[in-house]
>>> print(open('input_7.cif').read())   # mmCIF, C-alpha atoms and all ligand atoms
data_entry
#
loop_
_atom_site.label_atom_id
_atom_site.label_comp_id
_atom_site.auth_asym_id
_atom_site.auth_seq_id
_atom_site.Cartn_x
_atom_site.Cartn_y
_atom_site.Cartn_z
CA MET M 1 17.05 42.04 127.54
CA LYS M 2 15.59 45.56 127.20
CA ILE M 3 15.15 46.63 123.60
CA PRO M 4 13.83 50.14 122.99
CA PHE M 5 11.97 50.97 119.79
CA VAL M 6 14.68 53.47 118.85
CA ASP M 7 17.85 54.46 120.68
CA LEU M 8 18.87 58.01 119.86
CA LYS M 9 21.37 57.99 122.71
CA ALA M 10 23.36 55.15 121.13
CA GLN M 11 23.76 57.18 117.95
CA TYR M 12 24.73 60.29 119.90
CA LEU M 13 27.43 58.45 121.85
CA ASN M 14 28.99 57.21 118.59
CA ILE M 15 29.38 60.77 117.24
CA LYS M 16 29.39 62.70 120.52
CA HIS M 17 32.48 64.72 119.71
CA GLU M 18 31.12 65.90 116.34
CA ILE M 19 27.74 66.84 117.79
CA ASP M 20 29.11 68.56 120.89
CA SER M 21 31.52 70.69 118.90
CA ALA M 22 28.80 71.58 116.35
CA ILE M 23 26.52 72.80 119.15
CA ALA M 24 29.37 74.67 120.88
CA LYS M 25 30.16 76.51 117.63
CA VAL M 26 26.58 77.71 117.22
CA ILE M 27 26.53 79.03 120.77
CA ASP M 28 29.95 80.62 120.38
CA GLU M 29 28.74 82.48 117.30
CA THR M 30 25.23 83.02 118.73
CA ALA M 31 23.96 82.06 115.26
CA PHE M 32 20.67 80.82 116.65
CA ILE M 33 18.31 81.74 113.83
CA GLY M 34 19.24 81.91 110.16
CA GLY M 35 22.92 82.51 109.50
CA HIS M 36 25.55 80.34 107.92
CA PHE M 37 24.80 77.07 109.71
CA VAL M 38 21.42 76.93 108.01
CA LYS M 39 22.89 77.96 104.63
CA ASP M 40 25.64 75.36 105.02
CA PHE M 41 23.17 72.60 105.70
CA GLU M 42 21.02 73.62 102.74
CA THR M 43 24.06 73.49 100.45
CA LYS M 44 25.34 70.18 101.81
CA PHE M 45 21.97 68.48 101.71
CA ALA M 46 21.39 69.71 98.14
CA GLU M 47 24.76 68.30 97.09
CA ARG M 48 24.46 64.99 98.84
CA TYR M 49 20.87 64.44 97.78
CA GLY M 50 21.20 65.65 94.22
CA ALA M 51 18.54 68.36 94.48
CA LYS M 52 18.89 71.82 92.95
CA ASN M 53 17.21 73.84 95.72
CA VAL M 54 16.82 73.10 99.42
CA ILE M 55 14.68 75.34 101.61
CA ALA M 56 15.13 74.68 105.32
CA CYS M 57 12.03 75.11 107.43
CA GLY M 58 10.63 74.54 110.88
CA ASN M 59 9.40 70.98 110.45
CA GLY M 60 8.13 68.48 107.88
CA THR M 61 4.50 69.46 108.31
CA ASP M 62 5.25 73.10 107.49
CA SER M 63 7.17 72.07 104.39
CA LEU M 64 4.06 70.29 103.02
CA TYR M 65 1.83 73.24 103.89
CA ILE M 66 4.21 75.80 102.36
CA LEU M 67 4.46 73.77 99.17
CA MET M 68 0.71 73.52 98.73
CA LYS M 69 0.19 77.22 99.39
CA MET M 70 2.91 78.20 96.93
CA LEU M 71 1.57 75.84 94.28
CA GLY M 72 -1.66 77.81 94.53
CA ILE M 73 -3.73 75.02 96.05
CA GLY M 74 -6.66 76.35 98.04
CA LYS M 75 -10.40 76.70 98.36
CA GLY M 76 -12.47 74.45 96.10
CA ASP M 77 -9.49 72.24 95.24
CA GLU M 78 -9.00 68.57 96.02
CA VAL M 79 -5.74 66.81 96.80
CA ILE M 80 -5.33 63.04 96.70
CA THR M 81 -3.49 61.45 99.62
CA PRO M 82 -3.14 57.94 101.12
CA ALA M 83 -5.53 56.56 103.76
CA ASN M 84 -2.63 55.26 105.83
CA SER M 85 -0.06 57.89 106.79
CA TRP M 86 0.90 60.33 109.50
CA ILE M 87 -1.81 63.02 109.69
CA SER M 88 0.48 65.73 108.25
CA SER M 89 -0.09 64.46 104.71
CA ALA M 90 -3.83 65.14 105.12
CA GLU M 91 -4.15 68.02 107.62
CA THR M 92 -1.92 70.32 105.56
CA ILE M 93 -4.33 69.94 102.62
CA THR M 94 -7.11 71.25 104.82
CA GLN M 95 -4.86 74.00 106.20
CA ALA M 96 -4.19 75.16 102.64
CA GLY M 97 -7.98 75.42 102.22
CA ALA M 98 -8.48 72.33 100.03
CA LYS M 99 -10.17 68.99 100.60
CA PRO M 100 -8.23 65.78 101.28
CA VAL M 101 -9.36 62.86 99.11
CA PHE M 102 -8.18 59.56 100.52
CA VAL M 103 -7.10 56.54 98.50
CA ASP M 104 -6.84 53.05 100.00
CA VAL M 105 -3.41 51.47 100.36
CA HIS M 106 -1.62 48.41 99.07
CA PRO M 107 -1.72 45.37 101.39
CA TYR M 108 1.95 44.48 100.88
CA TYR M 109 3.60 47.86 100.53
CA PHE M 110 1.27 49.91 102.79
CA SER M 111 1.49 52.94 100.48
CA MET M 112 -1.18 54.37 98.18
CA ASP M 113 -2.71 51.76 95.83
CA GLU M 114 -1.96 53.34 92.48
CA THR M 115 -4.69 51.33 90.72
CA GLN M 116 -7.34 53.19 92.70
CA ILE M 117 -6.11 56.73 92.16
CA GLU M 118 -7.77 57.57 88.86
CA ASN M 119 -11.22 56.74 90.28
CA LYS M 120 -10.72 59.65 92.64
CA VAL M 121 -9.55 62.25 90.14
CA THR M 122 -12.17 64.95 89.48
CA GLU M 123 -12.15 68.37 87.84
CA LYS M 124 -11.25 69.80 91.21
CA THR M 125 -8.15 67.65 91.74
CA LYS M 126 -4.99 69.75 91.80
CA ALA M 127 -2.31 67.51 93.26
CA ILE M 128 -1.33 64.11 94.59
CA ILE M 129 0.72 63.74 97.74
CA ALA M 130 2.82 60.63 97.21
CA VAL M 131 3.86 59.46 100.66
CA HIS M 132 6.84 57.11 100.70
CA LEU M 133 5.91 55.30 103.88
CA GLN M 134 8.27 53.43 106.24
CA GLY M 135 11.30 53.99 103.99
CA GLN M 136 9.81 52.33 100.94
CA MET M 137 8.84 54.35 97.89
CA CYS M 138 5.27 54.18 96.63
CA ALA M 139 4.52 53.30 92.98
CA ILE M 140 5.97 56.65 92.00
CA GLU M 141 6.33 56.09 88.26
CA LYS M 142 2.68 55.13 87.84
CA ILE M 143 1.60 57.99 90.09
CA LYS M 144 3.76 60.37 88.08
CA SER M 145 2.16 59.24 84.83
CA ILE M 146 -1.31 59.81 86.33
CA CYS M 147 -0.20 63.32 87.34
CA ASP M 148 1.16 64.02 83.85
CA LYS M 149 -2.03 62.75 82.20
CA HIS M 150 -4.38 64.84 84.37
CA HIS M 151 -2.04 67.85 84.82
CA LEU M 152 -1.71 67.46 88.57
CA HIS M 153 1.15 68.57 90.80
CA LEU M 154 3.11 65.64 92.19
CA ILE M 155 4.28 66.38 95.74
CA GLU M 156 6.40 63.74 97.44
CA ASP M 157 6.31 63.33 101.21
CA CYS M 158 9.76 61.98 102.03
CA ALA M 159 9.54 62.34 105.82
CA GLN M 160 10.12 58.58 106.16
CA SER M 161 12.27 57.98 103.10
CA HIS M 162 15.53 59.96 103.10
CA PHE M 163 17.75 58.41 100.42
CA SER M 164 15.25 55.71 99.41
CA GLU M 165 15.43 54.82 95.72
CA TYR M 166 13.24 53.72 92.86
CA ASP M 167 15.07 52.63 89.71
CA ASN M 168 18.29 54.22 90.99
CA LYS M 169 16.59 57.58 91.48
CA ARG M 170 16.07 59.05 94.93
CA ALA M 171 12.76 59.72 96.62
CA GLY M 172 11.85 63.37 96.22
CA LEU M 173 13.32 63.78 92.73
CA PHE M 174 10.24 62.60 90.79
CA GLY M 175 7.69 65.32 91.49
CA VAL M 176 7.61 69.10 91.29
CA ALA M 177 8.88 69.23 94.87
CA ALA M 178 9.26 67.12 98.00
CA SER M 179 9.08 67.63 101.73
CA PHE M 180 11.38 66.14 104.35
CA SER M 181 11.11 65.93 108.11
CA PHE M 182 14.15 65.89 110.39
CA TYR M 183 12.13 65.04 113.51
CA PRO M 184 14.59 63.34 115.91
CA GLY M 185 13.39 59.78 115.22
CA LYS M 186 13.45 60.10 111.41
CA ASN M 187 16.34 58.46 109.52
CA LEU M 188 18.11 61.83 109.43
CA GLY M 189 17.01 63.46 112.65
CA ALA M 190 17.75 66.76 114.37
CA TYR M 191 17.64 67.33 118.15
CA GLY M 192 14.33 69.11 117.90
CA ASP M 193 11.95 70.04 115.09
CA ALA M 194 13.28 70.69 111.58
CA GLY M 195 12.31 70.02 107.98
CA CYS M 196 12.98 71.08 104.42
CA ILE M 197 11.62 71.35 100.91
CA ILE M 198 13.57 70.25 97.87
CA THR M 199 12.73 71.27 94.32
CA ASN M 200 14.42 71.70 90.96
CA ASP M 201 12.02 74.55 90.13
CA ASP M 202 13.88 77.79 90.96
CA ALA M 203 10.80 80.02 90.90
CA LEU M 204 8.90 77.70 93.24
CA ALA M 205 11.95 77.55 95.52
CA ASP M 206 12.04 81.35 95.80
CA LYS M 207 8.34 81.51 96.57
CA CYS M 208 8.58 78.84 99.26
CA ARG M 209 11.59 80.51 100.84
CA MET M 210 9.79 83.84 100.85
CA TYR M 211 6.57 82.42 102.30
CA ALA M 212 8.46 80.61 105.08
CA ARG M 213 10.22 83.87 106.04
CA HIS M 214 7.19 86.14 106.56
CA GLY M 215 6.96 86.85 102.84
CA ALA M 216 10.35 88.58 102.69
CA LEU M 217 13.53 87.34 101.02
CA ILE M 218 15.21 90.59 102.07
CA LYS M 219 14.61 91.74 105.63
CA HIS M 220 11.67 94.18 105.91
CA GLN M 221 10.74 93.81 102.23
CA HIS M 222 7.55 91.83 102.68
CA GLU M 223 6.23 91.01 99.23
CA MET M 224 3.31 89.15 100.80
CA GLU M 225 2.18 87.81 104.15
CA GLY M 226 3.83 84.55 104.99
CA ILE M 227 4.50 82.39 108.01
CA ASN M 228 7.41 81.93 110.38
CA SER M 229 8.94 78.55 109.61
CA ARG M 230 12.69 78.54 110.15
CA MET M 231 15.23 75.87 110.92
CA ASP M 232 17.33 77.08 113.83
CA GLY M 233 21.11 77.19 113.66
CA MET M 234 21.57 74.50 116.28
CA GLN M 235 19.44 72.00 114.36
CA ALA M 236 21.19 72.87 111.10
CA ALA M 237 24.64 72.35 112.66
CA ILE M 238 23.57 69.01 114.14
CA LEU M 239 22.14 67.88 110.81
CA SER M 240 25.35 68.91 109.00
CA ALA M 241 27.34 66.84 111.50
CA LYS M 242 25.10 63.83 110.95
CA LEU M 243 24.85 64.07 107.16
CA PRO M 244 28.22 62.41 106.38
CA HIS M 245 27.00 59.32 108.29
CA ILE M 246 23.57 58.92 106.75
CA LEU M 247 24.42 56.45 103.99
CA GLU M 248 26.30 54.22 106.40
CA TRP M 249 23.39 54.33 108.86
CA THR M 250 21.02 53.50 106.04
CA GLU M 251 23.11 50.45 105.12
CA MET M 252 23.01 49.33 108.74
CA ARG M 253 19.21 49.57 108.71
CA VAL M 254 19.07 47.51 105.52
CA TYR M 255 21.40 44.94 107.06
CA ASN M 256 19.28 44.77 110.22
CA ALA M 257 16.21 44.19 108.09
CA SER M 258 18.00 41.29 106.41
CA LEU M 259 18.72 39.84 109.86
CA TYR M 260 15.05 40.10 110.83
CA GLU M 261 14.23 38.30 107.62
CA LYS M 262 16.82 35.62 108.35
CA TYR M 263 15.50 34.97 111.85
CA LEU M 264 11.78 35.38 111.12
CA SER M 265 11.32 33.81 107.71
CA GLY M 266 9.08 30.81 107.34
CA MET M 267 6.75 31.81 110.19
CA ASP M 268 3.03 31.69 109.65
CA GLU M 269 2.25 34.06 112.50
CA VAL M 270 3.75 37.20 110.99
CA ILE M 271 3.99 38.61 107.51
CA LEU M 272 7.32 40.33 106.88
CA PRO M 273 7.72 43.52 104.82
CA HIS M 274 7.55 43.11 101.04
CA VAL M 275 10.03 45.17 99.06
CA ARG M 276 9.18 46.44 95.58
CA GLU M 277 11.49 45.38 92.79
CA ASN M 278 14.10 47.90 91.69
CA THR M 279 13.87 49.88 94.90
CA VAL M 280 16.02 50.63 97.92
CA HIS M 281 13.93 50.39 101.11
CA THR M 282 15.63 52.43 103.82
CA TYR M 283 13.67 50.93 106.72
CA HIS M 284 12.65 53.98 108.64
CA LEU M 285 10.28 51.41 110.09
CA TYR M 286 10.28 47.61 110.01
CA VAL M 287 6.59 46.77 109.91
CA VAL M 288 5.21 43.25 110.19
CA ARG M 289 1.60 42.10 110.13
CA ALA M 290 0.18 39.76 112.75
CA GLN M 291 -3.31 38.36 113.22
CA LYS M 292 -3.07 38.63 117.00
CA ARG M 293 -1.25 41.92 116.88
CA ASP M 294 -2.35 43.31 120.24
CA GLU M 295 -1.48 40.10 122.09
CA LEU M 296 1.87 39.93 120.31
CA MET M 297 2.60 43.53 121.27
CA GLN M 298 1.79 42.76 124.93
CA TYR M 299 3.92 39.64 124.88
CA LEU M 300 6.91 41.48 123.44
CA LYS M 301 6.46 44.18 126.06
CA SER M 302 6.59 41.53 128.78
CA ARG M 303 9.93 40.43 127.31
CA GLY M 304 11.30 43.99 127.44
CA ILE M 305 10.77 44.74 123.73
CA GLU M 306 9.17 48.04 122.80
CA THR M 307 7.06 48.13 119.63
CA VAL M 308 4.86 50.84 118.09
CA ILE M 309 1.83 50.91 115.76
CA HIS M 310 2.15 53.18 112.72
CA TYR M 311 -0.74 53.95 112.75
CA PRO M 312 -3.48 52.56 114.98
CA ARG M 313 -6.23 54.15 112.90
CA ALA M 314 -6.35 54.81 109.18
CA LEU M 315 -6.78 58.54 108.59
CA PRO M 316 -10.39 58.42 107.24
CA ASN M 317 -11.41 56.50 110.39
CA LEU M 318 -10.17 59.24 112.73
CA PRO M 319 -12.61 61.64 114.43
CA ALA M 320 -10.82 64.50 112.63
CA TYR M 321 -12.27 63.22 109.33
CA HIS M 322 -15.76 62.19 110.43
CA TYR M 323 -17.03 65.21 108.53
CA LEU M 324 -16.09 63.47 105.27
CA GLU M 325 -18.63 60.75 106.21
CA HIS M 326 -16.53 57.78 105.20
CA THR M 327 -17.18 54.30 106.53
CA PRO M 328 -14.40 51.80 107.29
CA GLY M 329 -15.66 49.80 104.30
CA ASP M 330 -14.56 52.61 101.99
CA PHE M 331 -10.94 51.79 102.83
CA PRO M 332 -10.95 48.05 103.49
CA VAL M 333 -7.20 47.50 103.25
CA ALA M 334 -6.18 50.47 105.41
CA THR M 335 -8.86 49.51 107.94
CA ARG M 336 -7.66 45.91 108.08
CA LEU M 337 -4.01 46.97 108.35
CA GLN M 338 -4.66 49.24 111.33
CA ASN M 339 -5.43 46.12 113.35
CA GLU M 340 -2.53 43.99 112.06
CA ILE M 341 0.53 46.20 111.64
CA LEU M 342 3.30 46.32 114.21
CA SER M 343 6.59 48.21 113.95
CA LEU M 344 9.48 46.24 115.46
CA PRO M 345 12.53 47.97 116.96
CA MET M 346 14.68 49.31 114.11
CA TYR M 347 17.74 51.56 114.24
CA PRO M 348 21.27 51.35 112.86
CA GLU M 349 22.91 50.57 116.20
CA MET M 350 20.88 47.40 116.87
CA THR M 351 23.11 44.33 117.19
CA GLU M 352 22.50 40.88 115.74
CA ASP M 353 21.95 39.59 119.28
CA MET M 354 19.16 42.09 119.81
CA ILE M 355 17.44 41.13 116.58
CA ARG M 356 17.78 37.44 117.36
CA TYR M 357 16.22 38.14 120.76
CA VAL M 358 13.24 39.95 119.22
CA ALA M 359 12.76 37.18 116.64
CA GLY M 360 13.03 34.56 119.37
CA ALA M 361 10.33 36.26 121.42
CA ILE M 362 8.02 36.38 118.38
CA LYS M 363 8.60 32.66 117.84
CA GLU M 364 7.79 31.89 121.49
CA PHE M 365 4.57 33.83 121.13
CA ALA M 366 3.70 31.96 117.94
CA ALA M 367 4.36 28.58 119.56
CA LYS M 368 1.97 29.44 122.40
CA ASN M 369 -0.71 30.67 120.10
CA SER M 370 -1.03 27.73 117.70
CA PRO M 371 -0.74 29.84 114.57
CA LYS M 372 -3.12 29.53 111.70
CA THR M 373 -1.80 30.31 108.27
CA PHE M 374 -2.24 33.99 107.71
CA HIS M 375 -2.72 35.40 104.22
CA ALA M 376 -1.72 38.90 103.26
CA GLY M 377 -4.65 39.31 100.86
CA THR M 378 -4.40 40.80 97.41
CA ALA M 379 -4.65 44.31 96.06
CA GLN M 380 -8.27 45.47 95.49
C1 LIG R 1 6.99 62.79 110.37
C2 LIG R 1 6.10 62.93 109.20
C3 LIG R 1 5.65 64.17 108.73
C4 LIG R 1 5.78 65.45 109.49
O1 LIG R 1 7.00 65.82 109.93
P1 LIG R 1 7.17 66.75 111.22
O2 LIG R 1 8.60 67.17 111.09
O3 LIG R 1 6.91 65.93 112.41
O4 LIG R 1 6.24 67.89 111.09
C5 LIG R 1 4.92 64.21 107.55
N1 LIG R 1 4.64 63.10 106.88
C6 LIG R 1 5.02 61.88 107.30
C7 LIG R 1 4.68 60.68 106.48
C8 LIG R 1 5.76 61.75 108.48
O5 LIG R 1 6.13 60.55 108.91
#
>>> encode(input="input_7.cif", output="structure tokens")
Amino acid sequence: MKIPFVDLKAQYLNIKHEIDSAIAKVIDETAFIGGHFVKDFETKFAERYGAKNVIACGNGTDSLYILMKMLGIGKGDEVITPANSWISSAETITQAGAKPVFVDVHPYYFSMDETQIENKVTEKTKAIIAVHLQGQMCAIEKIKSICDKHHLHLIEDCAQSHFSEYDNKRAGLFGVAASFSFYPGKNLGAYGDAGCIITNDDALADKCRMYARHGALIKHQHEMEGINSRMDGMQAAILSAKLPHILEWTEMRVYNASLYEKYLSGMDEVILPHVRENTVHTYHLYVVRAQKRDELMQYLKSRGIETVIHYPRALPNLPAYHYLEHTPGDFPVATRLQNEILSLPMYPEMTEDMIRYVAGAIKEFAAKNSPKTFHAGTAQ
């Protein structure tokens, strides 16, 4: 059996009519940039998500950058961010002119280890970027209380956690603002690049909107210099067509995760994802840990199963951050995880047969490799 890591075509075929007519409408109205399709999506996403303001922009990376600029973060400032994430949650700090300060991650939940944050707070710290990785929220309440205590901005990176919850409250509604990515493979994905900012702060919303539109809310009235970060009409129309399905797709992801658990539990060779209490994990990724990760990946490939590593190197270990002069020992958990984590195929349209096939292949690999008991380790 061939099992791709994600199958965007399967989703398209299920809603082909809705997508095709959305695209046709945009072309018919030649509403390619700006216009009502973008406004409509902003309104619908705000309603469905429960956010006061939604600012559509070009991609998720821009939304983080715009937020930091408009919160006044810049030269001489420090921003705390996790050691394991996609590079956007670090590079945008540098782009804003500030310095990224990495914090090691939790061995079970893969997100920022909240117990290590306060050690990194200095007089220069201005904000924390709380990344909700893989669809699971980080320890947001503790991180929020650290932000309140030290007067720091709490920015949530929700690129991987659309509609995830912590204590019945959605990701992105805890901090001053949050960024979302609608990259095609994300849980809510466009057919190209797109992203947005959500915030309940009206003044911040206006500033972000202005900055993303060349510093002008009204055409030709440039109050400042900004950037060009727009969602195009086609992407907005596609996202509006997909939005009514998102909760159902999320449930299917959660169900598929339960099937992986059913077919993989009790194995010593792999550690399955741990879910925090009182949370809804939306499984953007289904990440297991394996001692012989590279061999397992190769074996699954030979059985037609595509897997991915998110991410093969912790951020502080990348050449881009050599200038910070960290050693792998500074981030022992993130450094260990980079060699053990493996993202299994995960998308709503996967069938039980497919999941059973993946689990079966992992079991075959384990049987051949005389597994030793593998411990997840503890925090700190
Ligand atoms: C995808 C992603 C981003 C960036 O989104 P783009 O739309 O690709 O710019 C930022 N942070 C995290 C954690 C992501 O996974």
>>> residues_near_ligand(input="input_7.cif", ligand="ligand LIG 1 (chain R)", cutoff="9 Å", atoms="only C-alpha atoms and all ligand atoms", output="PyMOL selection string")
chain M and resi 58-64+85-90+131-134+157-161+179-186+193-196
>>> residues_around(input="input_7.cif", residues="Val101 of chain M", least_positions_apart="5", cutoff="12 Å", atoms="only C-alpha atoms", output="ChimeraX atom specification")
/M:77-83,89-91,93-94,112,116-122,124-129,315-316,321,324-326,330-331
>>> residues_around(input="input_7.cif", residues="Val38 of chain M", least_positions_apart="2", cutoff="8 Å", atoms="only C-alpha atoms", output="VMD selection string")
chain M and resid 34 to 36 40 to 42 56 231 to 233 236 to 237
>>> closest_residue(input="input_7.cif", among="M:Lys262, M:Ile238, M:Ala334, M:Met297", to="His17 of chain M", atoms="all atoms listed in the file")
M:Ile238
>>> atom_distance(input="input_7.cif", atom1="atom CA of Lys75 of chain M", atom2="atom CA of Ala98 of chain M")
5.1 Å
>>> closest_atom_pairs(input="input_7.cif", of="segment 187-258 of chain M", to="segment 342-352 of chain M", cutoff="12 Å", atoms="all atoms listed in the file", output="JSON lines")
{"residue": "M:Asn187", "atom": "CA", "partner": "M:Tyr347", "partner_atom": "CA", "distance": 8.5}
{"residue": "M:Leu188", "atom": "CA", "partner": "M:Tyr347", "partner_atom": "CA", "distance": 11.3}
{"residue": "M:His245", "atom": "CA", "partner": "M:Pro348", "partner_atom": "CA", "distance": 10.8}
{"residue": "M:Ile246", "atom": "CA", "partner": "M:Pro348", "partner_atom": "CA", "distance": 10.0}
{"residue": "M:Leu247", "atom": "CA", "partner": "M:Pro348", "partner_atom": "CA", "distance": 10.7}
{"residue": "M:Glu248", "atom": "CA", "partner": "M:Pro348", "partner_atom": "CA", "distance": 8.7}
{"residue": "M:Trp249", "atom": "CA", "partner": "M:Pro348", "partner_atom": "CA", "distance": 5.4}
{"residue": "M:Thr250", "atom": "CA", "partner": "M:Pro348", "partner_atom": "CA", "distance": 7.2}
{"residue": "M:Glu251", "atom": "CA", "partner": "M:Pro348", "partner_atom": "CA", "distance": 8.0}
{"residue": "M:Met252", "atom": "CA", "partner": "M:Pro348", "partner_atom": "CA", "distance": 4.9}
{"residue": "M:Arg253", "atom": "CA", "partner": "M:Pro348", "partner_atom": "CA", "distance": 5.0}
{"residue": "M:Val254", "atom": "CA", "partner": "M:Pro348", "partner_atom": "CA", "distance": 8.6}
{"residue": "M:Tyr255", "atom": "CA", "partner": "M:Pro348", "partner_atom": "CA", "distance": 8.6}
{"residue": "M:Asn256", "atom": "CA", "partner": "M:Met350", "partner_atom": "CA", "distance": 7.3}
{"residue": "M:Ala257", "atom": "CA", "partner": "M:Met346", "partner_atom": "CA", "distance": 8.0}
{"residue": "M:Ser258", "atom": "CA", "partner": "M:Glu352", "partner_atom": "CA", "distance": 10.4}
>>> atom_distance(input="input_7.cif", atom1="atom CA of Gly266 of chain M", atom2="atom CA of Lys363 of chain M")
10.7 Å
>>> atom_distance(input="input_7.cif", atom1="atom CA of Asn84 of chain M", atom2="atom CA of Gly304 of chain M")
28.1 Å
>>> closest_residue(input="input_7.cif", among="M:Ile140, M:Ala361, M:Ile15, M:Ala24", to="Glu165 of chain M", atoms="all atoms listed in the file")
M:Ile140
>>> residues_around(input="input_7.cif", residues="Arg303 of chain M", least_positions_apart="6", cutoff="9 Å", atoms="only C-alpha atoms", output="ChimeraX atom specification")
/M:1-3,358,361
>>> closest_residue(input="input_7.cif", among="M:Tyr109, M:Tyr357, M:Tyr299, M:Tyr311", to="Leu264 of chain M", atoms="all atoms listed in the file")
M:Tyr357
>>> residues_around(input="input_7.cif", residues="Asn200 of chain M", least_positions_apart="6", cutoff="7 Å", atoms="only C-alpha atoms", output="compact mmCIF listing (two decimals) with C-alpha atoms, in the coordinates of the input")
# COMPACT_ATOMS: atom_id res chain seq x y z
CA ALA M 51 18.54 68.36 94.48
CA LYS M 52 18.89 71.82 92.95
CA ASN M 53 17.21 73.84 95.72
>>> axis_aligned_box(input="input_7.cif", around="segment 73-82 of chain M", padding_each_side="8 Å", output="AutoDock Vina command-line options")
--center_x -7.8 --center_y 67.3 --center_z 98.2 --size_x 25.3 --size_y 34.8 --size_z 21.9
>>> closest_residue(input="input_7.cif", among="M:Ile155, M:Ala171, M:Met70, M:Ala320", to="Met137 of chain M", atoms="all atoms listed in the file")
M:Ala171
>>> residues_around(input="input_7.cif", residues="Arg209 of chain M", least_positions_apart="5", cutoff="9 Å", atoms="only C-alpha atoms", output="PDB file with C-alpha atoms, keeping the file's coordinate frame")
ATOM      1  CA  ILE M  55      14.680  75.340 101.610  1.00  0.00           C
ATOM      2  CA  ALA M  56      15.130  74.680 105.320  1.00  0.00           C
ATOM      3  CA  CYS M  57      12.030  75.110 107.430  1.00  0.00           C
ATOM      4  CA  ILE M  66       4.210  75.800 102.360  1.00  0.00           C
ATOM      5  CA  LEU M 204       8.900  77.700  93.240  1.00  0.00           C
ATOM      6  CA  GLY M 215       6.960  86.850 102.840  1.00  0.00           C
ATOM      7  CA  ALA M 216      10.350  88.580 102.690  1.00  0.00           C
ATOM      8  CA  LEU M 217      13.530  87.340 101.020  1.00  0.00           C
TER       9      LEU M 217
END
>>> closest_residue(input="input_7.cif", among="M:Lys301, M:His162, M:His106, M:Arg230", to="Pro4 of chain M", atoms="all atoms listed in the file")
M:Lys301
>>> residues_near_point(input="input_7.cif", point="(18.3, 55.3, 96.3)", cutoff="8 Å", atoms="all atoms listed in the file", output="PyMOL selection string")
chain M and resi 163-171+279-280
